[in-house]
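For reference, my_file.txt (compact mmCIF, N, CA and C atoms):
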```
# COMPACT_ATOMS: atom_id res chain seq x y z
N MET T 1 0.84 -1.18 0.00
CA MET T 1 0.00 0.00 0.00
C MET T 1 0.89 1.24 0.00
N ARG T 2 0.37 2.28 -0.59
CA ARG T 2 1.11 3.53 -0.70
C ARG T 2 0.37 4.63 0.06
N TYR T 3 1.13 5.49 0.73
CA TYR T 3 0.58 6.61 1.48
C TYR T 3 1.26 7.89 1.03
N ARG T 4 0.64 9.03 1.35
CA ARG T 4 1.27 10.32 1.08
C ARG T 4 1.04 11.23 2.28
N VAL T 5 1.92 12.21 2.41
CA VAL T 5 1.79 13.19 3.49
C VAL T 5 0.51 13.99 3.24
N ASN T 6 -0.24 14.26 4.28
CA ASN T 6 -1.52 14.95 4.19
C ASN T 6 -1.29 16.47 4.09
N SER T 7 -0.69 16.89 2.99
CA SER T 7 -0.42 18.31 2.80
C SER T 7 -1.62 18.96 2.11
N PRO T 8 -1.86 20.22 2.25
CA PRO T 8 -0.97 21.24 2.81
C PRO T 8 -1.11 21.42 4.31
N HIS T 9 -1.92 20.59 4.99
CA HIS T 9 -2.13 20.75 6.42
C HIS T 9 -0.98 20.21 7.26
N VAL T 10 -0.14 19.37 6.67
CA VAL T 10 0.96 18.75 7.40
C VAL T 10 2.27 19.16 6.74
N ILE T 11 3.16 19.70 7.56
CA ILE T 11 4.50 20.07 7.09
C ILE T 11 5.53 19.37 7.97
N SER T 12 6.74 19.21 7.43
CA SER T 12 7.77 18.53 8.22
C SER T 12 9.15 19.02 7.83
N GLU T 13 10.09 18.75 8.73
CA GLU T 13 11.49 19.08 8.50
C GLU T 13 12.32 18.02 9.22
N THR T 14 13.32 17.47 8.52
CA THR T 14 14.23 16.50 9.12
C THR T 14 15.58 17.16 9.32
N LEU T 15 16.03 17.15 10.57
CA LEU T 15 17.32 17.74 10.94
C LEU T 15 17.99 16.87 11.98
N GLY T 16 19.26 16.60 11.78
CA GLY T 16 20.04 15.91 12.79
C GLY T 16 19.47 14.59 13.27
N GLY T 17 18.91 13.78 12.39
CA GLY T 17 18.42 12.46 12.77
C GLY T 17 17.04 12.43 13.39
N GLU T 18 16.31 13.54 13.35
CA GLU T 18 14.94 13.54 13.82
C GLU T 18 14.08 14.36 12.88
N THR T 19 12.80 14.02 12.84
CA THR T 19 11.85 14.73 12.00
C THR T 19 10.80 15.38 12.89
N ILE T 20 10.56 16.66 12.64
CA ILE T 20 9.50 17.39 13.32
C ILE T 20 8.38 17.57 12.31
N ILE T 21 7.17 17.21 12.71
CA ILE T 21 5.99 17.31 11.86
C ILE T 21 5.01 18.23 12.56
N VAL T 22 4.40 19.14 11.80
CA VAL T 22 3.40 20.04 12.37
C VAL T 22 2.09 19.84 11.60
N ASP T 23 1.02 19.60 12.34
CA ASP T 23 -0.33 19.55 11.76
C ASP T 23 -0.92 20.94 11.95
N LEU T 24 -0.91 21.73 10.90
CA LEU T 24 -1.36 23.11 10.97
C LEU T 24 -2.85 23.23 11.21
N ALA T 25 -3.63 22.22 10.86
CA ALA T 25 -5.07 22.26 11.05
C ALA T 25 -5.46 22.05 12.51
N LYS T 26 -4.70 21.20 13.21
CA LYS T 26 -5.02 20.89 14.61
C LYS T 26 -4.13 21.61 15.61
N GLY T 27 -2.97 22.09 15.15
CA GLY T 27 -2.05 22.76 16.05
C GLY T 27 -1.17 21.80 16.85
N HIS T 28 -1.11 20.54 16.45
CA HIS T 28 -0.27 19.56 17.13
C HIS T 28 1.05 19.44 16.39
N TYR T 29 2.09 19.06 17.13
CA TYR T 29 3.34 18.75 16.45
C TYR T 29 3.85 17.42 16.97
N PHE T 30 4.72 16.81 16.18
CA PHE T 30 5.14 15.44 16.41
C PHE T 30 6.65 15.35 16.23
N ASN T 31 7.24 14.39 16.93
CA ASN T 31 8.67 14.14 16.82
C ASN T 31 8.89 12.69 16.44
N LEU T 32 9.64 12.47 15.37
CA LEU T 32 10.02 11.13 14.94
C LEU T 32 11.53 10.98 15.13
N GLN T 33 11.95 9.84 15.63
CA GLN T 33 13.38 9.57 15.77
C GLN T 33 13.68 8.16 15.31
N GLY T 34 14.95 7.91 15.06
CA GLY T 34 15.40 6.56 14.69
C GLY T 34 14.80 6.09 13.38
N THR T 35 14.31 4.85 13.38
CA THR T 35 13.79 4.27 12.15
C THR T 35 12.50 4.94 11.69
N ALA T 36 11.82 5.66 12.58
CA ALA T 36 10.62 6.40 12.16
C ALA T 36 11.00 7.48 11.15
N VAL T 37 12.20 8.04 11.27
CA VAL T 37 12.68 9.04 10.31
C VAL T 37 12.85 8.37 8.94
N ASP T 38 13.39 7.16 8.92
CA ASP T 38 13.54 6.42 7.66
C ASP T 38 12.18 6.21 7.00
N VAL T 39 11.20 5.83 7.80
CA VAL T 39 9.85 5.59 7.28
C VAL T 39 9.27 6.88 6.72
N TRP T 40 9.40 7.99 7.45
CA TRP T 40 8.85 9.27 6.99
C TRP T 40 9.50 9.70 5.68
N GLN T 41 10.81 9.57 5.59
CA GLN T 41 11.50 9.96 4.35
C GLN T 41 11.07 9.09 3.18
N ALA T 42 10.83 7.81 3.43
CA ALA T 42 10.34 6.92 2.38
C ALA T 42 8.93 7.33 1.96
N LEU T 43 8.09 7.72 2.93
CA LEU T 43 6.74 8.21 2.61
C LEU T 43 6.81 9.45 1.74
N GLU T 44 7.68 10.38 2.10
CA GLU T 44 7.81 11.62 1.34
C GLU T 44 8.27 11.38 -0.10
N SER T 45 9.06 10.33 -0.29
CA SER T 45 9.57 10.04 -1.63
C SER T 45 8.64 9.14 -2.44
N GLY T 46 7.49 8.76 -1.86
CA GLY T 46 6.51 7.99 -2.60
C GLY T 46 6.70 6.49 -2.56
N GLU T 47 7.48 6.01 -1.63
CA GLU T 47 7.75 4.58 -1.55
C GLU T 47 6.55 3.84 -0.95
N GLY T 48 6.20 2.71 -1.52
CA GLY T 48 5.13 1.87 -0.99
C GLY T 48 5.57 1.14 0.27
N SER T 49 4.61 0.70 1.07
CA SER T 49 4.96 0.08 2.36
C SER T 49 5.77 -1.21 2.19
N GLU T 50 5.48 -2.02 1.17
CA GLU T 50 6.23 -3.25 0.97
C GLU T 50 7.69 -2.96 0.63
N SER T 51 7.90 -2.00 -0.25
CA SER T 51 9.25 -1.61 -0.62
C SER T 51 9.98 -0.99 0.56
N MET T 52 9.24 -0.22 1.35
CA MET T 52 9.80 0.41 2.54
C MET T 52 10.33 -0.65 3.52
N VAL T 53 9.52 -1.67 3.75
CA VAL T 53 9.92 -2.75 4.66
C VAL T 53 11.15 -3.47 4.11
N ALA T 54 11.15 -3.78 2.82
CA ALA T 54 12.30 -4.46 2.21
C ALA T 54 13.57 -3.62 2.34
N SER T 55 13.45 -2.32 2.16
CA SER T 55 14.61 -1.43 2.28
C SER T 55 15.14 -1.41 3.70
N LEU T 56 14.23 -1.35 4.66
CA LEU T 56 14.65 -1.34 6.06
C LEU T 56 15.27 -2.68 6.46
N GLU T 57 14.76 -3.77 5.91
CA GLU T 57 15.33 -5.09 6.20
C GLU T 57 16.76 -5.21 5.70
N GLN T 58 17.10 -4.46 4.65
CA GLN T 58 18.48 -4.46 4.15
C GLN T 58 19.41 -3.68 5.08
N ARG T 59 18.86 -2.70 5.79
CA ARG T 59 19.68 -1.80 6.61
C ARG T 59 19.75 -2.19 8.08
N TYR T 60 18.74 -2.94 8.57
CA TYR T 60 18.65 -3.24 9.99
C TYR T 60 18.51 -4.72 10.26
N GLU T 61 19.07 -5.17 11.35
CA GLU T 61 19.00 -6.55 11.81
C GLU T 61 17.78 -6.71 12.71
N ALA T 62 16.90 -7.65 12.39
CA ALA T 62 15.68 -7.87 13.18
C ALA T 62 15.18 -9.29 12.98
N GLY T 63 14.28 -9.70 13.87
CA GLY T 63 13.66 -11.01 13.75
C GLY T 63 12.69 -11.05 12.57
N ASP T 64 12.32 -12.26 12.17
CA ASP T 64 11.40 -12.43 11.04
C ASP T 64 10.09 -11.69 11.30
N GLY T 65 9.69 -10.86 10.36
CA GLY T 65 8.43 -10.14 10.44
C GLY T 65 8.42 -8.94 11.38
N GLU T 66 9.48 -8.75 12.15
CA GLU T 66 9.51 -7.66 13.13
C GLU T 66 9.45 -6.29 12.46
N ILE T 67 10.21 -6.09 11.42
CA ILE T 67 10.23 -4.79 10.75
C ILE T 67 8.90 -4.51 10.08
N GLY T 68 8.35 -5.49 9.39
CA GLY T 68 7.06 -5.30 8.73
C GLY T 68 5.96 -4.94 9.72
N ALA T 69 5.91 -5.65 10.84
CA ALA T 69 4.89 -5.36 11.85
C ALA T 69 5.06 -3.97 12.44
N ALA T 70 6.31 -3.58 12.70
CA ALA T 70 6.57 -2.26 13.29
C ALA T 70 6.24 -1.13 12.31
N VAL T 71 6.59 -1.32 11.05
CA VAL T 71 6.29 -0.29 10.04
C VAL T 71 4.78 -0.17 9.85
N ASN T 72 4.09 -1.30 9.78
CA ASN T 72 2.63 -1.25 9.64
C ASN T 72 1.97 -0.55 10.82
N LYS T 73 2.47 -0.80 12.03
CA LYS T 73 1.93 -0.13 13.22
C LYS T 73 2.16 1.37 13.14
N LEU T 74 3.36 1.78 12.75
CA LEU T 74 3.64 3.22 12.62
C LEU T 74 2.74 3.85 11.56
N LEU T 75 2.58 3.19 10.42
CA LEU T 75 1.72 3.73 9.37
C LEU T 75 0.27 3.86 9.86
N GLU T 76 -0.21 2.87 10.61
CA GLU T 76 -1.56 2.96 11.19
C GLU T 76 -1.67 4.17 12.12
N ASP T 77 -0.64 4.38 12.94
CA ASP T 77 -0.64 5.52 13.87
C ASP T 77 -0.60 6.85 13.12
N LEU T 78 0.19 6.91 12.05
CA LEU T 78 0.28 8.15 11.26
C LEU T 78 -1.04 8.44 10.55
N VAL T 79 -1.72 7.40 10.07
CA VAL T 79 -3.04 7.57 9.44
C VAL T 79 -4.05 8.02 10.50
N ALA T 80 -4.03 7.39 11.67
CA ALA T 80 -4.96 7.75 12.74
C ALA T 80 -4.78 9.21 13.17
N ALA T 81 -3.53 9.68 13.14
CA ALA T 81 -3.24 11.08 13.51
C ALA T 81 -3.51 12.03 12.34
N GLU T 82 -3.91 11.48 11.19
CA GLU T 82 -4.19 12.23 9.97
C GLU T 82 -2.97 12.98 9.43
N LEU T 83 -1.79 12.38 9.66
CA LEU T 83 -0.57 12.96 9.11
C LEU T 83 -0.29 12.43 7.71
N VAL T 84 -0.75 11.22 7.44
CA VAL T 84 -0.65 10.64 6.10
C VAL T 84 -2.01 10.07 5.73
N VAL T 85 -2.21 9.93 4.43
CA VAL T 85 -3.46 9.37 3.90
C VAL T 85 -3.11 8.34 2.83
N PRO T 86 -3.96 7.32 2.64
CA PRO T 86 -3.71 6.36 1.56
C PRO T 86 -3.63 7.07 0.21
N ASP T 87 -2.73 6.60 -0.63
CA ASP T 87 -2.53 7.21 -1.94
C ASP T 87 -2.37 6.12 -2.98
N GLY T 88 -3.27 6.08 -3.92
CA GLY T 88 -3.22 5.04 -4.95
C GLY T 88 -2.72 5.55 -6.28
N ASN T 89 -1.90 6.61 -6.30
CA ASN T 89 -1.48 7.19 -7.58
C ASN T 89 -0.37 6.41 -8.26
N GLY T 90 0.22 5.42 -7.59
CA GLY T 90 1.24 4.60 -8.23
C GLY T 90 2.56 5.31 -8.48
N ALA T 91 2.97 6.19 -7.58
CA ALA T 91 4.25 6.88 -7.73
C ALA T 91 5.38 5.87 -7.77
N GLY T 92 6.51 6.27 -8.31
CA GLY T 92 7.64 5.37 -8.47
C GLY T 92 8.19 4.85 -7.16
N GLU T 93 8.71 3.63 -7.21
CA GLU T 93 9.33 3.03 -6.04
C GLU T 93 10.74 3.58 -5.89
N MET T 94 11.09 3.90 -4.66
CA MET T 94 12.46 4.33 -4.36
C MET T 94 12.98 3.43 -3.26
N GLN T 95 14.22 3.07 -3.33
CA GLN T 95 14.83 2.21 -2.32
C GLN T 95 15.80 3.01 -1.47
N LEU T 96 15.80 2.74 -0.17
CA LEU T 96 16.82 3.31 0.70
C LEU T 96 18.12 2.61 0.37
N GLY T 97 19.23 3.31 0.45
CA GLY T 97 20.52 2.71 0.16
C GLY T 97 20.84 1.59 1.13
N SER T 98 21.41 0.52 0.63
CA SER T 98 21.76 -0.58 1.52
C SER T 98 23.24 -0.47 1.87
N PRO T 99 23.59 -0.72 3.13
CA PRO T 99 24.98 -0.65 3.54
C PRO T 99 25.74 -1.87 3.05
N PRO T 100 27.05 -1.82 3.05
CA PRO T 100 27.83 -3.01 2.68
C PRO T 100 27.48 -4.17 3.61
N GLU T 101 27.65 -5.39 3.11
CA GLU T 101 27.33 -6.59 3.88
C GLU T 101 28.02 -6.56 5.24
N GLY T 102 27.28 -6.96 6.27
CA GLY T 102 27.85 -7.04 7.61
C GLY T 102 27.74 -5.77 8.42
N GLU T 103 27.20 -4.69 7.87
CA GLU T 103 27.10 -3.44 8.59
C GLU T 103 25.66 -3.06 8.94
N ARG T 104 24.81 -4.04 9.10
CA ARG T 104 23.42 -3.76 9.46
C ARG T 104 23.34 -3.38 10.94
N LYS T 105 22.53 -2.38 11.22
CA LYS T 105 22.35 -1.90 12.58
C LYS T 105 21.21 -2.66 13.24
N PRO T 106 21.21 -2.73 14.57
CA PRO T 106 20.06 -3.34 15.25
C PRO T 106 18.81 -2.51 15.00
N PHE T 107 17.70 -3.18 14.79
CA PHE T 107 16.43 -2.50 14.53
C PHE T 107 15.77 -2.10 15.83
N VAL T 108 15.33 -0.83 15.89
CA VAL T 108 14.52 -0.33 17.00
C VAL T 108 13.20 0.11 16.38
N ALA T 109 12.10 -0.38 16.91
CA ALA T 109 10.79 -0.10 16.34
C ALA T 109 10.55 1.41 16.23
N PRO T 110 10.01 1.85 15.08
CA PRO T 110 9.73 3.28 14.90
C PRO T 110 8.55 3.71 15.75
N SER T 111 8.62 4.94 16.20
CA SER T 111 7.50 5.50 16.97
C SER T 111 7.55 7.01 16.85
N PHE T 112 6.49 7.63 17.28
CA PHE T 112 6.49 9.09 17.28
C PHE T 112 5.83 9.59 18.55
N THR T 113 6.18 10.81 18.89
CA THR T 113 5.63 11.46 20.07
C THR T 113 4.77 12.63 19.63
N THR T 114 3.60 12.76 20.25
CA THR T 114 2.67 13.84 19.95
C THR T 114 2.76 14.90 21.02
N PHE T 115 2.79 16.17 20.60
CA PHE T 115 2.80 17.29 21.52
C PHE T 115 1.61 18.20 21.21
N THR T 116 0.87 18.55 22.22
CA THR T 116 -0.27 19.43 22.03
C THR T 116 -0.13 20.72 22.83
N ASP T 117 1.01 20.90 23.51
CA ASP T 117 1.20 22.04 24.40
C ASP T 117 1.26 23.39 23.70
N MET T 118 1.54 23.40 22.41
CA MET T 118 1.63 24.67 21.68
C MET T 118 0.45 24.86 20.73
N GLN T 119 -0.59 24.06 20.89
CA GLN T 119 -1.74 24.09 19.99
C GLN T 119 -2.32 25.50 19.85
N ASP T 120 -2.54 26.19 20.96
CA ASP T 120 -3.13 27.53 20.89
C ASP T 120 -2.25 28.50 20.11
N ILE T 121 -0.95 28.42 20.31
CA ILE T 121 -0.02 29.32 19.62
C ILE T 121 0.02 29.01 18.12
N ILE T 122 0.11 27.73 17.79
CA ILE T 122 0.16 27.35 16.37
C ILE T 122 -1.12 27.75 15.66
N LEU T 123 -2.26 27.56 16.30
CA LEU T 123 -3.53 27.91 15.66
C LEU T 123 -3.74 29.42 15.57
N LEU T 124 -3.07 30.21 16.41
CA LEU T 124 -3.16 31.67 16.33
C LEU T 124 -2.39 32.23 15.15
N ASP T 125 -1.36 31.51 14.71
CA ASP T 125 -0.48 31.98 13.65
C ASP T 125 -1.22 31.95 12.31
N PRO T 126 -1.39 33.09 11.65
CA PRO T 126 -2.13 33.12 10.39
C PRO T 126 -1.41 32.45 9.23
N VAL T 127 -0.15 32.08 9.39
CA VAL T 127 0.58 31.45 8.30
C VAL T 127 -0.10 30.16 7.86
N HIS T 128 -0.73 29.44 8.81
CA HIS T 128 -1.34 28.17 8.43
C HIS T 128 -2.65 28.36 7.67
N GLU T 129 -3.19 29.56 7.64
CA GLU T 129 -4.44 29.81 6.93
C GLU T 129 -4.15 30.25 5.50
N VAL T 130 -3.72 29.30 4.69
CA VAL T 130 -3.33 29.57 3.31
C VAL T 130 -4.00 28.58 2.38
N ASP T 131 -4.00 28.93 1.09
CA ASP T 131 -4.53 27.97 0.13
C ASP T 131 -3.38 27.08 -0.37
N ALA T 132 -3.62 26.28 -1.38
CA ALA T 132 -2.62 25.32 -1.87
C ALA T 132 -1.34 25.99 -2.38
N ARG T 133 -1.41 27.29 -2.71
CA ARG T 133 -0.22 28.00 -3.17
C ARG T 133 0.73 28.37 -2.04
N GLY T 134 0.28 28.24 -0.78
CA GLY T 134 1.13 28.57 0.37
C GLY T 134 1.08 30.04 0.74
N TRP T 135 1.92 30.41 1.68
CA TRP T 135 2.00 31.78 2.18
C TRP T 135 2.54 32.68 1.08
N PRO T 136 2.03 33.84 0.86
CA PRO T 136 1.08 34.63 1.63
C PRO T 136 -0.34 34.61 1.05
N HIS T 137 -0.75 33.55 0.43
CA HIS T 137 -2.04 33.49 -0.24
C HIS T 137 -3.10 32.89 0.70
N ALA T 138 -3.98 33.74 1.21
CA ALA T 138 -5.05 33.29 2.11
C ALA T 138 -6.12 32.58 1.29
N PRO T 139 -6.79 31.60 1.91
CA PRO T 139 -7.86 30.92 1.20
C PRO T 139 -9.01 31.88 0.90
N THR T 140 -9.75 31.60 -0.14
CA THR T 140 -10.89 32.44 -0.51
C THR T 140 -11.88 32.49 0.64
N GLY T 141 -12.35 33.69 0.95
CA GLY T 141 -13.32 33.88 2.02
C GLY T 141 -12.70 34.07 3.39
N ALA T 142 -11.38 34.07 3.48
CA ALA T 142 -10.73 34.23 4.79
C ALA T 142 -10.52 35.68 5.12
```
Re-express the file's structure as structure tokens.
Amino acid sequence: MRYRVNSPHVISETLGGETIIVDLAKGHYFNLQGTAVDVWQALESGEGSESMVASLEQRYEAGDGEIGAAVNKLLEDLVAAELVVPDGNGAGEMQLGSPPEGERKPFVAPSFTTFTDMQDIILLDPVHEVDARGWPHAPTGA
């Protein structure tokens, strides 16, 4: 199955091994670390879940089915949080680079943390009230 980021309501930035995601519609923000960053980057590049799991299996050492189950759980959580939505457009498959043989890292299940403490501030900011063209174009009727 293929998913896509729920833009323009969801924006993200990856810096220093972590991804910060902001849901501009709800005012929540999220933090992804470790293998969750790999999953998010694969989502952004249009990679399907099966290809994503295969790519992670090349990079990380884990028990049979462990990576697939963990990735599916993270995808379910991201869909439930409305950060990603199913996408059937058939975008091209991209593979994460595989390390040389013998250099696989131990797998740690991906997860994300939700923060709602800045919801009022994020929702006060008029930057999120834009149309598909982005800032500074306000939606019609705003």
Considering only N, CA and C atoms, return as a ChimeraX atom specification whatever protein or nucleic-acid residues lie within 5 Å of Asp87 of chain T, sequence-local ones (same chain, fewer than 4 positions apart) excluded.
-> /T:2-4
Between T:Pro106, T:Pro8, T:Gly63, T:Gly17, which has the minimum distance to Ala36 of chain T (counting only C-alpha atoms)?
->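 Closest residue, counting only C-alpha atoms: T:Gly17.
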Name the residues in contact with Phe30 of chain T at a cut-off of 8 Å, using all atoms listed in the file, excluding same-chain residues fewer than 3 positions from it; report them as a ChimeraX atom specification.
-> /T:19-23,27,33,112-116
Mind giving me the straight-line distance from atom N of Ser7 of chain T to atom CA of Gly34 of chain T in Å, one decimal?
->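 Distance between the two atoms: 22.4 Å.
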Could you tell me how far atom CA of Val39 of chain T lies from atom N of Phe107 of chain T, in Å and to one decimal?
->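 These two atoms are separated by 14.0 Å.
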If we count only C-alpha atoms, what is near Glu57 of chain T at a cut-off of 9 Å, once residues fewer than 3 positions away on the same chain are taken out, given as a PDB file with N, CA and C atoms, in the coordinates of the input?
```pdb
ATOM      1  N   MET T  52       9.240  -0.220   1.350  1.00  0.00           N
ATOM      2  CA  MET T  52       9.800   0.410   2.540  1.00  0.00           C
ATOM      3  C   MET T  52      10.330  -0.650   3.520  1.00  0.00           C
ATOM      4  N   VAL T  53       9.520  -1.670   3.750  1.00  0.00           N
ATOM      5  CA  VAL T  53       9.920  -2.750   4.660  1.00  0.00           C
ATOM      6  C   VAL T  53      11.150  -3.470   4.110  1.00  0.00           C
ATOM      7  N   ALA T  54      11.150  -3.780   2.820  1.00  0.00           N
ATOM      8  CA  ALA T  54      12.300  -4.460   2.210  1.00  0.00           C
ATOM      9  C   ALA T  54      13.570  -3.620   2.340  1.00  0.00           C
ATOM     10  N   TYR T  60      18.740  -2.940   8.570  1.00  0.00           N
ATOM     11  CA  TYR T  60      18.650  -3.240   9.990  1.00  0.00           C
ATOM     12  C   TYR T  60      18.510  -4.720  10.260  1.00  0.00           C
ATOM     13  N   GLU T  61      19.070  -5.170  11.350  1.00  0.00           N
ATOM     14  CA  GLU T  61      19.000  -6.550  11.810  1.00  0.00           C
ATOM     15  C   GLU T  61      17.780  -6.710  12.710  1.00  0.00           C
ATOM     16  N   ALA T  62      16.900  -7.650  12.390  1.00  0.00           N
ATOM     17  CA  ALA T  62      15.680  -7.870  13.180  1.00  0.00           C
ATOM     18  C   ALA T  62      15.180  -9.290  12.980  1.00  0.00           C
ATOM     19  N   ILE T  67      10.210  -6.090  11.420  1.00  0.00           N
ATOM     20  CA  ILE T  67      10.230  -4.790  10.750  1.00  0.00           C
ATOM     21  C   ILE T  67       8.900  -4.510  10.080  1.00  0.00           C
ATOM     22  N   GLY T  68       8.350  -5.490   9.390  1.00  0.00           N
ATOM     23  CA  GLY T  68       7.060  -5.300   8.730  1.00  0.00           C
ATOM     24  C   GLY T  68       5.960  -4.940   9.720  1.00  0.00           C
ATOM     25  N   ARG T 104      24.810  -4.040   9.100  1.00  0.00           N
ATOM     26  CA  ARG T 104      23.420  -3.760   9.460  1.00  0.00           C
ATOM     27  C   ARG T 104      23.340  -3.380  10.940  1.00  0.00           C
ATOM     28  N   PHE T 107      17.700  -3.180  14.790  1.00  0.00           N
ATOM     29  CA  PHE T 107      16.430  -2.500  14.530  1.00  0.00           C
ATOM     30  C   PHE T 107      15.770  -2.100  15.830  1.00  0.00           C
TER      31      PHE T 107
END
```
Counting all atoms listed in the file, figure out which residue out of T:Asn6, T:Thr14, T:Gln58, T:Glu50 gets nearest to Glu82 of chain T.
-> T:Asn6
So which residues fall inside 8 Å of (6.5, 10.1, 4.9) if we count all atoms listed in the file? Mind giving them as an MDAnalysis selection string?
-> chainID T and resid 3:6 37:47 83:84
Interatomic distance between atom CA of Leu78 of chain T and atom CA of Ser55 of chain T?
->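 Atom CA of Ser55 of chain T lies at a distance of 19.4 Å from atom CA of Leu78 of chain T.
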Padding of 5 Å on every side, edges along x, y and z, all listed atoms of segment 1-15 of chain T included: what centre and edge lengths in Å, to one decimal, does that box have, as lines of an AutoDock Vina configuration file?
```
center_x = 7.9
center_y = 10.1
center_z = 5.6
size_x = 30.1
size_y = 32.6
size_z = 22.7
```
